[in-house]
Every structure is written in structure tokens, then in C-alpha cells.
Amino acid sequence: MNEPDPVRAKCEIHLTVNGKRETVIAYPMTRLLDVLRHDLALTGTKEGCGEGECGSCSVLIGGMLVNSCLIPVLQANGAEIVTIEGLAEDGRLQDLQQAFLDCGGAQCGICTPGMILAARHLLNKKPQPTLEEIREGLSGNLCRCTGYMQIFEAVAEAARRGAAT
Ligand code: FES
Ligand code: FES
């Protein structure tokens with residue numbers, strides 16, 4: 001009898017997502033984006049380009065900002081992942097999320113989860129970033145609606161409110 005093809009056969013993948021342990025059965029090359037959205041019903045993570053260009057699918061893996069459309073789920077086996085659903089606590093938005101609302105940083109919303117996670121990543125490293133550092137920190141995330149200034153202002157406002165966590 002032939003051995004199962006390790007690339008084509010489904011396998012068991014263990015992830016910790018937003019602090020919760022999850023086990024999924026998936027093909028190793030399935031995109032992490034699809035596992036999050038379809039297997040775990042975490043649809044806050046959005047698909048834009050599907051090619052690593054727009055940042056809509058951004059999540060944090062082990063504290064690093066990554067495009068989940070480019071990550072085969074096998075590569076994330078054992079990882080700690082934070083998606084947009086992992087930021088609010090007990091239904092209360094983080095200061096960063098509230099700043100996006102207050103500053104008009106979210107319009108159609110497709111880019112917003114990725115933008116907020118990119119901003120979260122930036123503020124974790126640099127609690128008081130300059131405008132240039134905000135531009136740089138969000139440079140991998142595209143927005144078609146806002147012209148970016150409201151988004152940059154939201155991140156600056158979050159920093160002013162002390163949203164380092
Ligand atoms: S959908 Fe992943 S970078 Fe655009
Ligand atoms: S708010 Fe629509 S793409 Fe950014």
C-alpha cells in the first residue's frame with residue numbers, strides 16, 4: 001500500500017488563537033487565512049489581494065505582524081496567534097480600536113482589522129511613535145477609502161491615550 005502523501009494528506013494542526021487552544025484538521029498548505037475564517041469562524045480577518053500586497057489579512061504570530069494569506073497552516077503549527085477578535089476584552093474595545101472609531105479611521109472596514117493589528121504591533125514596540133514611524137509601521141497595509149490621514153491620526157490619538165497594550 002502506498003504511504004499517504006505528506007503534502008496532500010490532511011493533518012492535525014494545533015494553534016493557540018486569541019488565547020484559546022484550537023485543533024484543526026487541514027491540508028498542510030491551506031492558507032492560515034482560510035483556517036482562521038472557515039475552520040475557526042474568525043471572519044474579522046479579511047482577504048483583499050490574496051497575494052501578500054495589501055495587509056488586509058494581517059494577524060500577529062508570536063508577536064510578529066504577518067500576512068495570513070501567505071502562511072501555510074503547517075508553518076503556524078504550535079504558534080500563538082492574535083486576530084482582531086482577540087483585542088477587545090469582555091466586549092470592551094481597546095483604546096486603539098476606540099481611537100479608530102473616534103477619528104474616522106474605519107470606513108468600508110476591509111482594511112481595518114489589518115490596520116489595527118499593524119498599529120497594535122507598532123505601539124507594542126513604540127508606544128509614542130512619530131508620524132513618520134506611524135507611516136512606516138502601517139506601510140504594508142493598503143486602504144482605498146480614507147486617504148490614510150484619519151488612520152494615522154487614530155494611531156497617534158491611541159498613543160496619546162496611552163494605548164500601549
Ligand atoms: S489578502 Fe493577504 S496581503 Fe492582501
Ligand atoms: S476603510 Fe475601506 S479600505 Fe480602508
# chains A, B, ... in the order shown; residues from 1 in each chain; ligands from 1

call {"tool": "residues_near_ligand", "arguments": {"ligand": "ligand 1", "cutoff": "9 Å", "atoms": "only C-alpha atoms and all ligand atoms", "output": "MDAnalysis selection string"}}
result
chainID A and resid 33 46:58 66:70 140:142

call {"tool": "write_last_selection", "arguments": {"atoms": "all heavy atoms", "output": "short mmCIF file (atom, residue, chain, number, x, y, z; two decimals), in the first residue's frame"}}
result
data_model
loop_
_atom_site.label_atom_id
_atom_site.label_comp_id
_atom_site.auth_asym_id
_atom_site.auth_seq_id
_atom_site.Cartn_x
_atom_site.Cartn_y
_atom_site.Cartn_z
N LEU A 33 -5.07 32.05 6.59
CA LEU A 33 -6.24 32.91 6.43
C LEU A 33 -7.52 32.08 6.32
O LEU A 33 -8.54 32.38 6.95
CB LEU A 33 -6.06 33.77 5.16
CG LEU A 33 -7.26 34.58 4.69
CD1 LEU A 33 -7.64 35.63 5.72
CD2 LEU A 33 -6.94 35.25 3.35
N LYS A 46 -9.62 39.73 7.10
CA LYS A 46 -10.18 39.91 5.75
C LYS A 46 -9.20 39.49 4.66
O LYS A 46 -7.99 39.57 4.84
CB LYS A 46 -10.54 41.38 5.52
CG LYS A 46 -11.50 41.96 6.53
CD LYS A 46 -12.83 41.25 6.50
CE LYS A 46 -13.83 41.88 7.44
NZ LYS A 46 -14.67 40.89 8.10
N GLU A 47 -9.77 39.09 3.54
CA GLU A 47 -8.95 38.84 2.35
C GLU A 47 -9.11 39.99 1.38
O GLU A 47 -10.23 40.33 0.99
CB GLU A 47 -9.34 37.53 1.66
CG GLU A 47 -8.53 37.35 0.37
CD GLU A 47 -8.48 35.93 -0.14
OE1 GLU A 47 -9.26 35.09 0.36
OE2 GLU A 47 -7.65 35.67 -1.03
N GLY A 48 -7.99 40.60 1.01
CA GLY A 48 -8.01 41.62 -0.03
C GLY A 48 -7.42 41.03 -1.30
O GLY A 48 -8.10 40.43 -2.11
N CYS A 49 -6.12 41.17 -1.43
CA CYS A 49 -5.44 40.74 -2.66
C CYS A 49 -5.17 39.24 -2.71
O CYS A 49 -5.08 38.65 -3.78
CB CYS A 49 -4.12 41.49 -2.78
SG CYS A 49 -2.94 41.07 -1.47
N GLY A 50 -4.97 38.61 -1.56
CA GLY A 50 -4.60 37.20 -1.55
C GLY A 50 -3.18 36.95 -2.01
O GLY A 50 -2.80 35.80 -2.25
N GLU A 51 -2.39 38.00 -2.15
CA GLU A 51 -1.03 37.86 -2.70
C GLU A 51 0.04 38.53 -1.85
O GLU A 51 1.13 38.80 -2.33
CB GLU A 51 -0.98 38.48 -4.10
CG GLU A 51 -1.87 37.81 -5.09
CD GLU A 51 -1.84 38.49 -6.45
OE1 GLU A 51 -1.30 39.62 -6.55
OE2 GLU A 51 -2.32 37.88 -7.40
N GLY A 52 -0.29 38.88 -0.61
CA GLY A 52 0.73 39.47 0.25
C GLY A 52 1.00 40.93 0.01
O GLY A 52 2.02 41.46 0.46
N GLU A 53 0.07 41.63 -0.69
CA GLU A 53 0.34 43.02 -1.05
C GLU A 53 -0.44 44.04 -0.22
O GLU A 53 -0.02 45.19 -0.11
CB GLU A 53 -0.02 43.25 -2.53
CG GLU A 53 0.76 42.42 -3.51
CD GLU A 53 2.23 42.83 -3.58
OE1 GLU A 53 2.54 43.98 -3.20
OE2 GLU A 53 3.05 42.01 -3.99
N CYS A 54 -1.60 43.64 0.34
CA CYS A 54 -2.49 44.68 0.89
C CYS A 54 -2.55 44.74 2.41
O CYS A 54 -3.01 45.73 2.97
CB CYS A 54 -3.90 44.49 0.33
SG CYS A 54 -4.79 43.09 1.05
N GLY A 55 -2.19 43.67 3.09
CA GLY A 55 -2.19 43.67 4.55
C GLY A 55 -3.55 43.46 5.19
O GLY A 55 -3.66 43.45 6.42
N SER A 56 -4.61 43.27 4.40
CA SER A 56 -5.95 43.09 4.98
C SER A 56 -6.03 41.85 5.86
O SER A 56 -6.85 41.78 6.77
CB SER A 56 -7.00 42.94 3.88
OG SER A 56 -7.06 44.09 3.12
N CYS A 57 -5.20 40.88 5.56
CA CYS A 57 -5.27 39.59 6.26
C CYS A 57 -4.27 39.51 7.42
O CYS A 57 -4.01 38.43 7.93
CB CYS A 57 -4.95 38.48 5.26
SG CYS A 57 -3.27 38.64 4.63
N SER A 58 -3.75 40.67 7.84
CA SER A 58 -2.69 40.68 8.87
C SER A 58 -3.17 40.07 10.19
O SER A 58 -4.28 40.34 10.65
CB SER A 58 -2.25 42.11 9.17
OG SER A 58 -1.72 42.72 8.02
N VAL A 66 2.13 39.40 10.40
CA VAL A 66 2.29 38.60 9.18
C VAL A 66 1.02 38.67 8.34
O VAL A 66 -0.07 38.93 8.85
CB VAL A 66 2.60 37.11 9.49
CG1 VAL A 66 3.85 36.96 10.32
CG2 VAL A 66 1.43 36.44 10.17
N ASN A 67 1.19 38.41 7.06
CA ASN A 67 0.05 38.29 6.15
C ASN A 67 -0.41 36.84 6.15
O ASN A 67 0.30 35.96 5.64
CB ASN A 67 0.46 38.70 4.73
CG ASN A 67 0.75 40.18 4.61
OD1 ASN A 67 0.12 40.99 5.29
ND2 ASN A 67 1.68 40.54 3.76
N SER A 68 -1.58 36.59 6.69
CA SER A 68 -2.01 35.20 6.85
C SER A 68 -2.35 34.54 5.52
O SER A 68 -2.47 33.33 5.45
CB SER A 68 -3.20 35.11 7.81
OG SER A 68 -4.32 35.81 7.31
N CYS A 69 -2.48 35.32 4.44
CA CYS A 69 -2.73 34.71 3.13
C CYS A 69 -1.47 34.05 2.58
O CYS A 69 -1.55 33.30 1.60
CB CYS A 69 -3.28 35.73 2.14
SG CYS A 69 -2.09 36.96 1.56
N LEU A 70 -0.33 34.36 3.18
CA LEU A 70 0.94 33.80 2.67
C LEU A 70 1.46 32.66 3.55
O LEU A 70 2.50 32.08 3.23
CB LEU A 70 2.02 34.89 2.61
CG LEU A 70 1.79 36.04 1.65
CD1 LEU A 70 2.98 36.99 1.68
CD2 LEU A 70 1.56 35.53 0.23
N GLY A 140 2.69 48.52 5.09
CA GLY A 140 2.32 47.28 4.41
C GLY A 140 0.82 47.09 4.30
O GLY A 140 0.37 46.04 3.83
N ASN A 141 0.06 48.09 4.74
CA ASN A 141 -1.40 47.95 4.75
C ASN A 141 -2.03 49.02 3.86
O ASN A 141 -1.81 50.21 4.07
CB ASN A 141 -1.93 48.10 6.19
CG ASN A 141 -1.44 46.97 7.08
OD1 ASN A 141 -0.27 46.90 7.42
ND2 ASN A 141 -2.32 46.07 7.41
N LEU A 142 -2.81 48.58 2.90
CA LEU A 142 -3.42 49.49 1.94
C LEU A 142 -4.86 49.81 2.33
O LEU A 142 -5.58 48.95 2.84
CB LEU A 142 -3.40 48.88 0.54
CG LEU A 142 -2.04 48.44 0.01
CD1 LEU A 142 -2.17 47.93 -1.41
CD2 LEU A 142 -1.02 49.59 0.08
#

call {"tool": "residues_around", "arguments": {"residues": "A:Leu101", "least_positions_apart": "6", "cutoff": "12 Å", "atoms": "only C-alpha atoms", "output": "short mmCIF file (atom, residue, chain, number, x, y, z; two decimals) with all heavy atoms, in the first residue's frame"}}
result
data_model
loop_
_atom_site.label_atom_id
_atom_site.label_comp_id
_atom_site.auth_asym_id
_atom_site.auth_seq_id
_atom_site.Cartn_x
_atom_site.Cartn_y
_atom_site.Cartn_z
N LEU A 93 -13.95 47.60 23.68
CA LEU A 93 -12.90 47.83 22.69
C LEU A 93 -11.63 48.32 23.37
O LEU A 93 -11.69 49.06 24.36
CB LEU A 93 -13.35 48.89 21.68
CG LEU A 93 -14.55 48.54 20.79
CD1 LEU A 93 -14.84 49.70 19.84
CD2 LEU A 93 -14.30 47.26 20.01
N GLN A 94 -10.50 47.93 22.81
CA GLN A 94 -9.24 48.53 23.26
C GLN A 94 -9.24 50.02 22.91
O GLN A 94 -9.92 50.45 21.97
CB GLN A 94 -8.05 47.89 22.53
CG GLN A 94 -7.56 46.61 23.13
CD GLN A 94 -6.19 46.21 22.57
OE1 GLN A 94 -5.71 46.79 21.59
NE2 GLN A 94 -5.58 45.22 23.17
N ASP A 95 -8.42 50.79 23.61
CA ASP A 95 -8.31 52.22 23.31
C ASP A 95 -7.94 52.44 21.84
O ASP A 95 -8.40 53.40 21.21
CB ASP A 95 -7.24 52.88 24.19
CG ASP A 95 -7.74 53.06 25.62
OD1 ASP A 95 -8.95 52.88 25.86
OD2 ASP A 95 -6.91 53.39 26.48
N GLN A 107 -13.72 53.05 7.46
CA GLN A 107 -14.84 53.41 6.60
C GLN A 107 -15.49 52.13 6.06
O GLN A 107 -16.35 51.57 6.72
CB GLN A 107 -14.39 54.39 5.53
CG GLN A 107 -14.06 55.74 6.18
CD GLN A 107 -13.76 56.83 5.19
OE1 GLN A 107 -14.09 56.77 4.02
NE2 GLN A 107 -13.12 57.89 5.68
N GLY A 109 -14.16 49.30 6.05
CA GLY A 109 -13.80 48.32 7.06
C GLY A 109 -12.96 47.15 6.58
O GLY A 109 -12.47 46.36 7.40
N THR A 112 -9.53 47.56 7.89
CA THR A 112 -9.44 47.99 9.30
C THR A 112 -8.83 46.94 10.24
O THR A 112 -7.95 47.29 11.05
CB THR A 112 -10.83 48.44 9.80
OG1 THR A 112 -11.36 49.38 8.86
CG2 THR A 112 -10.73 49.09 11.16
N ILE A 116 -5.46 47.83 12.24
CA ILE A 116 -5.42 47.89 13.70
C ILE A 116 -4.35 46.94 14.23
O ILE A 116 -3.62 47.28 15.17
CB ILE A 116 -6.81 47.60 14.29
CG1 ILE A 116 -7.73 48.80 13.99
CG2 ILE A 116 -6.75 47.33 15.78
CD1 ILE A 116 -9.16 48.67 14.49
N GLN A 150 -6.82 59.88 8.46
CA GLN A 150 -7.62 59.55 9.65
C GLN A 150 -7.04 58.33 10.37
O GLN A 150 -7.11 58.22 11.59
CB GLN A 150 -9.07 59.25 9.27
CG GLN A 150 -9.83 60.45 8.73
CD GLN A 150 -9.95 60.36 7.22
OE1 GLN A 150 -8.97 60.12 6.52
NE2 GLN A 150 -11.15 60.56 6.71
N ILE A 151 -6.48 57.43 9.59
CA ILE A 151 -5.88 56.23 10.20
C ILE A 151 -4.64 56.63 10.99
O ILE A 151 -4.46 56.22 12.15
CB ILE A 151 -5.55 55.19 9.11
CG1 ILE A 151 -6.85 54.62 8.54
CG2 ILE A 151 -4.66 54.09 9.67
CD1 ILE A 151 -6.65 53.69 7.36
N GLU A 153 -4.01 59.49 12.21
CA GLU A 153 -4.47 60.28 13.36
C GLU A 153 -5.00 59.35 14.46
O GLU A 153 -4.78 59.59 15.65
CB GLU A 153 -5.54 61.28 12.92
CG GLU A 153 -6.14 62.12 14.03
CD GLU A 153 -5.10 62.86 14.88
OE1 GLU A 153 -4.02 63.20 14.37
OE2 GLU A 153 -5.39 63.08 16.08
N ALA A 154 -5.68 58.29 14.06
CA ALA A 154 -6.21 57.34 15.05
C ALA A 154 -5.07 56.69 15.84
O ALA A 154 -5.17 56.52 17.06
CB ALA A 154 -7.05 56.26 14.35
N VAL A 155 -4.01 56.35 15.15
CA VAL A 155 -2.88 55.71 15.84
C VAL A 155 -2.20 56.73 16.76
O VAL A 155 -1.86 56.41 17.92
CB VAL A 155 -1.88 55.11 14.83
CG1 VAL A 155 -0.70 54.48 15.55
CG2 VAL A 155 -2.57 54.09 13.94
N GLU A 157 -3.65 59.28 18.12
CA GLU A 157 -4.58 59.52 19.22
C GLU A 157 -4.50 58.37 20.25
O GLU A 157 -4.52 58.60 21.46
CB GLU A 157 -6.00 59.67 18.68
CG GLU A 157 -7.08 59.83 19.72
CD GLU A 157 -6.89 61.05 20.63
OE1 GLU A 157 -6.17 61.98 20.22
OE2 GLU A 157 -7.46 61.05 21.74
N ALA A 158 -4.42 57.15 19.75
CA ALA A 158 -4.29 55.99 20.64
C ALA A 158 -3.02 56.11 21.47
O ALA A 158 -3.01 55.82 22.67
CB ALA A 158 -4.29 54.70 19.83
#

call {"tool": "residues_near_ligand", "arguments": {"ligand": "ligand 2", "cutoff": "6 Å", "atoms": "only C-alpha atoms and all ligand atoms", "output": "ChimeraX atom specification"}}
result
/A:106-112,143-146

call {"tool": "write_last_selection", "arguments": {"atoms": "C-alpha atoms", "output": "compact mmCIF listing (two decimals), in the first residue's frame"}}
result
# COMPACT_ATOMS: atom_id res chain seq x y z
CA ALA A 106 -12.60 52.90 9.62
CA GLN A 107 -14.84 53.41 6.60
CA CYS A 108 -15.67 50.34 4.48
CA GLY A 109 -13.80 48.32 7.06
CA ILE A 110 -12.00 45.87 4.78
CA CYS A 111 -8.57 47.18 5.69
CA THR A 112 -9.44 47.99 9.30
CA CYS A 143 -6.64 51.48 2.31
CA ARG A 144 -8.85 52.55 -0.59
CA CYS A 145 -11.23 54.73 1.41
CA THR A 146 -9.69 57.03 3.96

call {"tool": "residues_around", "arguments": {"residues": "A:Gly63", "least_positions_apart": "6", "cutoff": "9 Å", "atoms": "only C-alpha atoms", "output": "PyMOL selection string"}}
result
chain A and resi 80-82+121+124

call {"tool": "select_by_dssp", "arguments": {"residues": "stretch 1-118 of chain A", "states": "alpha helix (DSSP H)", "output": "VMD selection string"}}
result
chain A and resid 32 to 34 95 to 103 112 to 118

call {"tool": "closest_atom_pairs", "arguments": {"of": "stretch 73-98 of chain A", "to": "stretch 24-29 of chain A", "cutoff": "10 Å", "atoms": "only C-alpha atoms", "output": "tab-separated table"}}
result
residue	atom	partner	partner_atom	distance
A:Val73	CA	A:Pro28	CA	5.8
A:Leu74	CA	A:Pro28	CA	4.8
A:Gln75	CA	A:Pro28	CA	8.1
A:Ala76	CA	A:Pro28	CA	9.8
A:Asn77	CA	A:Pro28	CA	9.5

call {"tool": "write_last_selection", "arguments": {"atoms": "all heavy atoms", "output": "PDB file, in the first residue's frame"}}
result
ATOM      1  N   VAL A  73      -0.768  26.693   6.760  1.00  0.00           N
ATOM      2  CA  VAL A  73      -1.142  26.478   8.160  1.00  0.00           C
ATOM      3  C   VAL A  73      -0.128  25.591   8.885  1.00  0.00           C
ATOM      4  O   VAL A  73       0.101  25.754  10.089  1.00  0.00           O
ATOM      5  CB  VAL A  73      -2.582  25.914   8.267  1.00  0.00           C
ATOM      6  CG1 VAL A  73      -2.688  24.496   7.735  1.00  0.00           C
ATOM      7  CG2 VAL A  73      -3.077  26.021   9.694  1.00  0.00           C
ATOM      8  N   LEU A  74       0.519  24.702   8.153  1.00  0.00           N
ATOM      9  CA  LEU A  74       1.510  23.839   8.810  1.00  0.00           C
ATOM     10  C   LEU A  74       2.623  24.667   9.446  1.00  0.00           C
ATOM     11  O   LEU A  74       3.139  24.332  10.510  1.00  0.00           O
ATOM     12  CB  LEU A  74       2.111  22.853   7.798  1.00  0.00           C
ATOM     13  CG  LEU A  74       3.093  21.844   8.391  1.00  0.00           C
ATOM     14  CD1 LEU A  74       2.392  20.924   9.383  1.00  0.00           C
ATOM     15  CD2 LEU A  74       3.759  21.024   7.295  1.00  0.00           C
ATOM     16  N   GLN A  75       2.941  25.785   8.787  1.00  0.00           N
ATOM     17  CA  GLN A  75       4.000  26.662   9.297  1.00  0.00           C
ATOM     18  C   GLN A  75       3.593  27.318  10.616  1.00  0.00           C
ATOM     19  O   GLN A  75       4.447  27.737  11.392  1.00  0.00           O
ATOM     20  CB  GLN A  75       4.286  27.734   8.249  1.00  0.00           C
ATOM     21  CG  GLN A  75       5.603  28.435   8.424  1.00  0.00           C
ATOM     22  CD  GLN A  75       5.843  29.421   7.283  1.00  0.00           C
ATOM     23  OE1 GLN A  75       5.522  29.153   6.123  1.00  0.00           O
ATOM     24  NE2 GLN A  75       6.380  30.571   7.599  1.00  0.00           N
ATOM     25  N   ALA A  76       2.304  27.387  10.853  1.00  0.00           N
ATOM     26  CA  ALA A  76       1.808  28.022  12.085  1.00  0.00           C
ATOM     27  C   ALA A  76       1.561  26.999  13.187  1.00  0.00           C
ATOM     28  O   ALA A  76       1.131  27.370  14.280  1.00  0.00           O
ATOM     29  CB  ALA A  76       0.522  28.790  11.792  1.00  0.00           C
ATOM     30  N   ASN A  77       1.827  25.735  12.914  1.00  0.00           N
ATOM     31  CA  ASN A  77       1.572  24.698  13.924  1.00  0.00           C
ATOM     32  C   ASN A  77       2.296  25.045  15.221  1.00  0.00           C
ATOM     33  O   ASN A  77       3.492  25.328  15.219  1.00  0.00           O
ATOM     34  CB  ASN A  77       2.059  23.343  13.392  1.00  0.00           C
ATOM     35  CG  ASN A  77       1.561  22.191  14.245  1.00  0.00           C
ATOM     36  OD1 ASN A  77       0.527  22.305  14.926  1.00  0.00           O
ATOM     37  ND2 ASN A  77       2.283  21.087  14.226  1.00  0.00           N
TER      38      ASN A  77
END

call {"tool": "select_by_dssp", "arguments": {"residues": "stretch 55-156 of chain A", "states": "strand (DSSP E)", "output": "short mmCIF file (atom, residue, chain, number, x, y, z; two decimals) with N, CA and C atoms, in the first residue's frame"}}
result
data_model
loop_
_atom_site.label_atom_id
_atom_site.label_comp_id
_atom_site.auth_asym_id
_atom_site.auth_seq_id
_atom_site.Cartn_x
_atom_site.Cartn_y
_atom_site.Cartn_z
N SER A 58 -3.75 40.67 7.84
CA SER A 58 -2.69 40.68 8.87
C SER A 58 -3.17 40.07 10.19
N VAL A 59 -2.32 39.28 10.78
CA VAL A 59 -2.52 38.77 12.14
C VAL A 59 -1.16 38.83 12.83
N LEU A 60 -1.17 38.67 14.14
CA LEU A 60 0.09 38.57 14.88
C LEU A 60 0.37 37.11 15.16
N ILE A 61 1.57 36.68 14.82
CA ILE A 61 2.01 35.32 15.18
C ILE A 61 3.24 35.48 16.04
N MET A 64 4.70 38.83 15.95
CA MET A 64 5.14 39.37 14.66
C MET A 64 3.93 39.61 13.77
N LEU A 65 3.99 40.69 13.01
CA LEU A 65 2.90 41.00 12.08
C LEU A 65 3.11 40.21 10.79
N VAL A 66 2.13 39.40 10.40
CA VAL A 66 2.29 38.60 9.18
C VAL A 66 1.02 38.67 8.34
N ASN A 67 1.19 38.41 7.06
CA ASN A 67 0.05 38.29 6.15
C ASN A 67 -0.41 36.84 6.15
N GLU A 80 1.29 30.92 18.58
CA GLU A 80 0.30 31.77 19.26
C GLU A 80 -0.10 32.87 18.30
N ILE A 81 -1.38 32.96 18.03
CA ILE A 81 -1.89 33.88 17.01
C ILE A 81 -2.88 34.84 17.65
N VAL A 82 -2.79 36.09 17.26
CA VAL A 82 -3.79 37.07 17.69
C VAL A 82 -4.46 37.62 16.43
#

call {"tool": "residues_around", "arguments": {"residues": "A:Thr23", "least_positions_apart": "4", "cutoff": "8 Å", "atoms": "only C-alpha atoms", "output": "compact mmCIF listing (two decimals) with C-alpha atoms, in the first residue's frame"}}
result
# COMPACT_ATOMS: atom_id res chain seq x y z
CA GLU A 12 -3.74 17.76 12.73
CA ILE A 13 -2.63 21.31 13.46
CA HIS A 14 -2.51 22.86 16.90
CA LEU A 15 -2.85 26.60 17.28

call {"tool": "closest_residue", "arguments": {"among": "A:Leu40, A:Gly147, A:Ala159, A:Lys126", "to": "A:Gln97", "atoms": "only C-alpha atoms"}}
result
A:Ala159
